[in-house]
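A quick write-up on the structure given underneath.
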Amino acid sequence: MNMRFEPPARGLSGELRAPPDKSISHRAALLGAMASEPVRIERYLHAADTDSTLAAVAALGSLVELRGEDEVVVRGTGLREARQPAQPIDVGNAGTLMRLLPGWLAAQEGSEFTLDGDESIRRRPVDRIAEPLRLMGAELSAHEDRFPPLHVRGAHLRAISYDLPVASAQIKSCVLLAALAADGATTVSEPSRSRDHTERMLLRAGVGIHRNGRRVTVVNADELLLDAVRVPGDPSSAAFLVAAGVLVPSSRLLIADVGVNWTRTGFLRIVRRMQGIVLGDLEEETGELSPREPVSDLDVAHGVLEGTVVEPDEVPLAIDELPLVALLGCFAEGETVVRGAQELRVKESDRIASVVEGLRGLGAEIEATDDGFVVSGRGGLRGGTIDALGDHRLAMLGAVAGLASREGVEVIGMEAANVSYPAFVDDLAALCS
Ligand code: S3P
């Protein structure tokens, strides 16, 4: 589906609630499936990715009850009792499901599982999770030893101490989930901090888990007991609204109920550094692990931006929002540089190449580097056509670029937004009316 986005006559204005968090929805469904008692999830995200997770846990023996618009109850099978399904598990487009679920499945002694997904998933590496799970004792095989479909044969797992080769919350979470049923205590060290929703939820589920700087240790558990989970608004989805508010002249909007866990608010800090106006109480970096997922309302207004440099340590805290940093850079004074973001190359598209080519097609001066990009700000963007390439964040980037551009933008494949934010187009329209 192609869609055109034109600069609105007036700026964006109004108040809305950010859609529920995708990362936390995935984790709530998975931990629900692993728990001993039913888990009630309030504000579960109903989007293609997270619906794939509900279908996956149902295929593995959980009962999934949908209540009303966005409440879900998962009656799980317990930590060691996943049912072996007759068919491969279809993760669709969901990289998080593809990387987290094998952690649990690896601990199902004597059972075998196959995980597969769409075209895009089949281009995304899974060797990064196969390696630690093999060290723990599970057997895994993959296409060319690197890509889905992924086969997992569960085993009695042993605890490991593992240094993550990249700062990835997905790999970290996979190992932490496997560790729950392993013998002993497992430690994972990250090269730099990444989102910690899994750790916070495990702490709430009564698991012995603690953090020491970049190291997190989890002790094996007999069972998980999780009370109700309330999913906060997704800061990564809200980021598209924030960018629109900052870029489109005369805008002023209020985004309610946004998750502000500090491991997710890198983008908001970058926007503030670029002199963008985003008011709200962001969580400060925490030493100790917290079981809470803090939320805040964000008050956003249009403003003049300055270029900035995003260094490697900041990258995992803003990983999904870096395409928006490139867009903001087009409107800023001076240069905007992102370094140390080679992980962008293995997202739903190669997001260094797709963002650079996509924005260039709209008139941007932007160069790709091996591990990021350099944008020369020109105070605006002409507009044109952008192909979403099946990548939800590229589709939403194109839409925001259209509102902020001089001539409007046609997005090819706007339906890709359904993966994480099905109401995105309606929400933008409401803010523009
Ligand atoms: C996610 C972690 C990130 C992010 C993805 C969701 C998660 O991936 O890009 O959209 O929910 O853990 P990596 O951990 O591979 O960086």
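Residues are referred to by chain and number: the chain letter is A, B, ... according to the order shown in the structure tokens, the number counts from 1 in that chain, and ligands are numbered separately from 1 in the order shown.
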
May I ask you to write as a PDB file with N, CA, C and O atoms, in the first residue's frame all residues lying at most 6 Å from ligand 1, with only C-alpha atoms and all ligand atoms counted?
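Final file, result-v5.pdb:
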```pdb
ATOM      1  N   SER A  23       8.734  -4.524  22.947  1.00  0.00           N
ATOM      2  CA  SER A  23       9.713  -5.366  23.663  1.00  0.00           C
ATOM      3  C   SER A  23       9.108  -5.963  24.925  1.00  0.00           C
ATOM      4  O   SER A  23       9.316  -7.141  25.235  1.00  0.00           O
ATOM      5  N   THR A  96      12.822 -10.284  17.732  1.00  0.00           N
ATOM      6  CA  THR A  96      12.921 -10.494  19.181  1.00  0.00           C
ATOM      7  C   THR A  96      12.409 -11.888  19.549  1.00  0.00           C
ATOM      8  O   THR A  96      13.012 -12.587  20.372  1.00  0.00           O
ATOM      9  N   SER A 168      23.644  -6.465  22.698  1.00  0.00           N
ATOM     10  CA  SER A 168      22.334  -6.811  22.153  1.00  0.00           C
ATOM     11  C   SER A 168      21.446  -7.360  23.253  1.00  0.00           C
ATOM     12  O   SER A 168      21.767  -8.378  23.877  1.00  0.00           O
ATOM     13  N   ALA A 169      20.320  -6.670  23.476  1.00  0.00           N
ATOM     14  CA  ALA A 169      19.383  -7.130  24.504  1.00  0.00           C
ATOM     15  C   ALA A 169      18.761  -8.469  24.117  1.00  0.00           C
ATOM     16  O   ALA A 169      18.361  -9.242  24.981  1.00  0.00           O
ATOM     17  N   GLN A 170      18.684  -8.715  22.817  1.00  0.00           N
ATOM     18  CA  GLN A 170      18.075  -9.979  22.393  1.00  0.00           C
ATOM     19  C   GLN A 170      18.974 -11.157  22.764  1.00  0.00           C
ATOM     20  O   GLN A 170      18.492 -12.164  23.289  1.00  0.00           O
ATOM     21  N   ILE A 319      18.953   2.377  19.671  1.00  0.00           N
ATOM     22  CA  ILE A 319      19.231   1.616  18.454  1.00  0.00           C
ATOM     23  C   ILE A 319      18.109   1.709  17.406  1.00  0.00           C
ATOM     24  O   ILE A 319      18.367   1.916  16.231  1.00  0.00           O
ATOM     25  N   ASP A 320      16.850   1.598  17.844  1.00  0.00           N
ATOM     26  CA  ASP A 320      15.754   1.584  16.869  1.00  0.00           C
ATOM     27  C   ASP A 320      15.362   2.983  16.406  1.00  0.00           C
ATOM     28  O   ASP A 320      14.585   3.140  15.465  1.00  0.00           O
TER      29      ASP A 320
END
```

**Message:** To test your reading of the structure, identify every residue in stretch 189-236 of chain A that backbone DSSP assigns to helix (DSSP H, G or I), and report it as JSON, numbers by chain.
**Reply:** {"A": [197, 198, 199, 200, 201, 202, 203, 204, 235, 236]}

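Residue nearest A:Met396, chosen from A:Val248, A:Ala239, A:Leu203, A:Val309 and counting only C-alpha atoms: A:Ala239.
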
Would you give me, as a tab-separated table, each residue of stretch 250-366 of chain A having an atom within 7 Å of an atom of stretch 179-195 of chain A, along with its shortest atom pair and that distance in Å to one decimal, using only C-alpha atoms and sorting by chain and residue number?
```
residue	atom	partner	partner_atom	distance
A:Thr263	CA	A:Arg195	CA	4.7
A:Arg264	CA	A:Arg195	CA	6.1
A:Asp313	CA	A:Ser192	CA	6.0
A:Pro316	CA	A:Ser194	CA	5.2
A:Leu317	CA	A:Ser194	CA	6.0
```

**Message:** Report as an MDAnalysis selection string all protein, DNA and RNA residues lying within 10 Å of A:Asp227, evaluated on only C-alpha atoms, omitting residues in the same chain fewer than 3 positions from it.
**Reply:** chainID A and resid 32 35 37:41 204:205 224 230

For N, CA, C and O atoms, I'd like the residues from the last selection saved as an mmCIF file, in the first residue's frame.
```cif
data_model
loop_
_atom_site.group_PDB
_atom_site.id
_atom_site.type_symbol
_atom_site.label_atom_id
_atom_site.label_comp_id
_atom_site.auth_asym_id
_atom_site.auth_seq_id
_atom_site.Cartn_x
_atom_site.Cartn_y
_atom_site.Cartn_z
ATOM 1 N N GLY A 32 4.993 -15.290 30.658
ATOM 2 C CA GLY A 32 3.694 -15.876 31.005
ATOM 3 C C GLY A 32 3.665 -17.352 30.648
ATOM 4 O O GLY A 32 3.176 -18.187 31.414
ATOM 5 N N ALA A 35 5.636 -19.324 33.174
ATOM 6 C CA ALA A 35 5.252 -19.179 34.585
ATOM 7 C C ALA A 35 4.358 -20.335 35.043
ATOM 8 O O ALA A 35 3.768 -21.042 34.235
ATOM 9 N N GLU A 37 1.750 -19.896 37.282
ATOM 10 C CA GLU A 37 0.375 -19.396 37.482
ATOM 11 C C GLU A 37 0.012 -18.504 36.298
ATOM 12 O O GLU A 37 0.896 -17.941 35.660
ATOM 13 N N PRO A 38 -1.301 -18.360 36.025
ATOM 14 C CA PRO A 38 -1.698 -17.476 34.915
ATOM 15 C C PRO A 38 -1.174 -16.051 35.119
ATOM 16 O O PRO A 38 -1.101 -15.568 36.244
ATOM 17 N N VAL A 39 -0.804 -15.418 34.025
ATOM 18 C CA VAL A 39 -0.302 -14.038 34.082
ATOM 19 C C VAL A 39 -1.254 -13.151 33.276
ATOM 20 O O VAL A 39 -1.554 -13.430 32.117
ATOM 21 N N ARG A 40 -1.734 -12.089 33.924
ATOM 22 C CA ARG A 40 -2.627 -11.141 33.252
ATOM 23 C C ARG A 40 -1.788 -9.985 32.728
ATOM 24 O O ARG A 40 -1.018 -9.375 33.482
ATOM 25 N N ILE A 41 -1.915 -9.728 31.439
ATOM 26 C CA ILE A 41 -1.121 -8.657 30.828
ATOM 27 C C ILE A 41 -2.074 -7.548 30.402
ATOM 28 O O ILE A 41 -2.946 -7.762 29.562
ATOM 29 N N ARG A 204 10.866 -9.259 39.047
ATOM 30 C CA ARG A 204 9.468 -9.258 39.525
ATOM 31 C C ARG A 204 8.908 -10.658 39.649
ATOM 32 O O ARG A 204 7.992 -10.903 40.424
ATOM 33 N N ALA A 205 9.442 -11.586 38.839
ATOM 34 C CA ALA A 205 8.933 -12.967 38.859
ATOM 35 C C ALA A 205 9.605 -13.807 39.941
ATOM 36 O O ALA A 205 9.440 -15.028 39.968
ATOM 37 N N LEU A 224 8.590 -19.658 37.895
ATOM 38 C CA LEU A 224 8.392 -18.204 37.796
ATOM 39 C C LEU A 224 7.006 -17.881 38.323
ATOM 40 O O LEU A 224 6.036 -18.554 37.970
ATOM 41 N N ARG A 230 1.678 -4.641 33.551
ATOM 42 C CA ARG A 230 1.068 -3.541 32.806
ATOM 43 C C ARG A 230 2.108 -3.004 31.840
ATOM 44 O O ARG A 230 3.183 -2.558 32.256
#
```

**Request:** Could you tell me how far atom CA of A:Val325 lies from atom CA of A:Ala48, in Å and to one decimal?
**Result:**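 Value for the atom CA of A:Val325-atom CA of A:Ala48 distance: 25.3 Å.
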
**Item:** strand (DSSP E or B) residues, from DSSP on the backbone, in stretch 133-227 of chain A, as number ranges by chain
**Value:** A: 139-143, 147-153, 158, 161-163, 183, 185-189, 209-212, 215-219
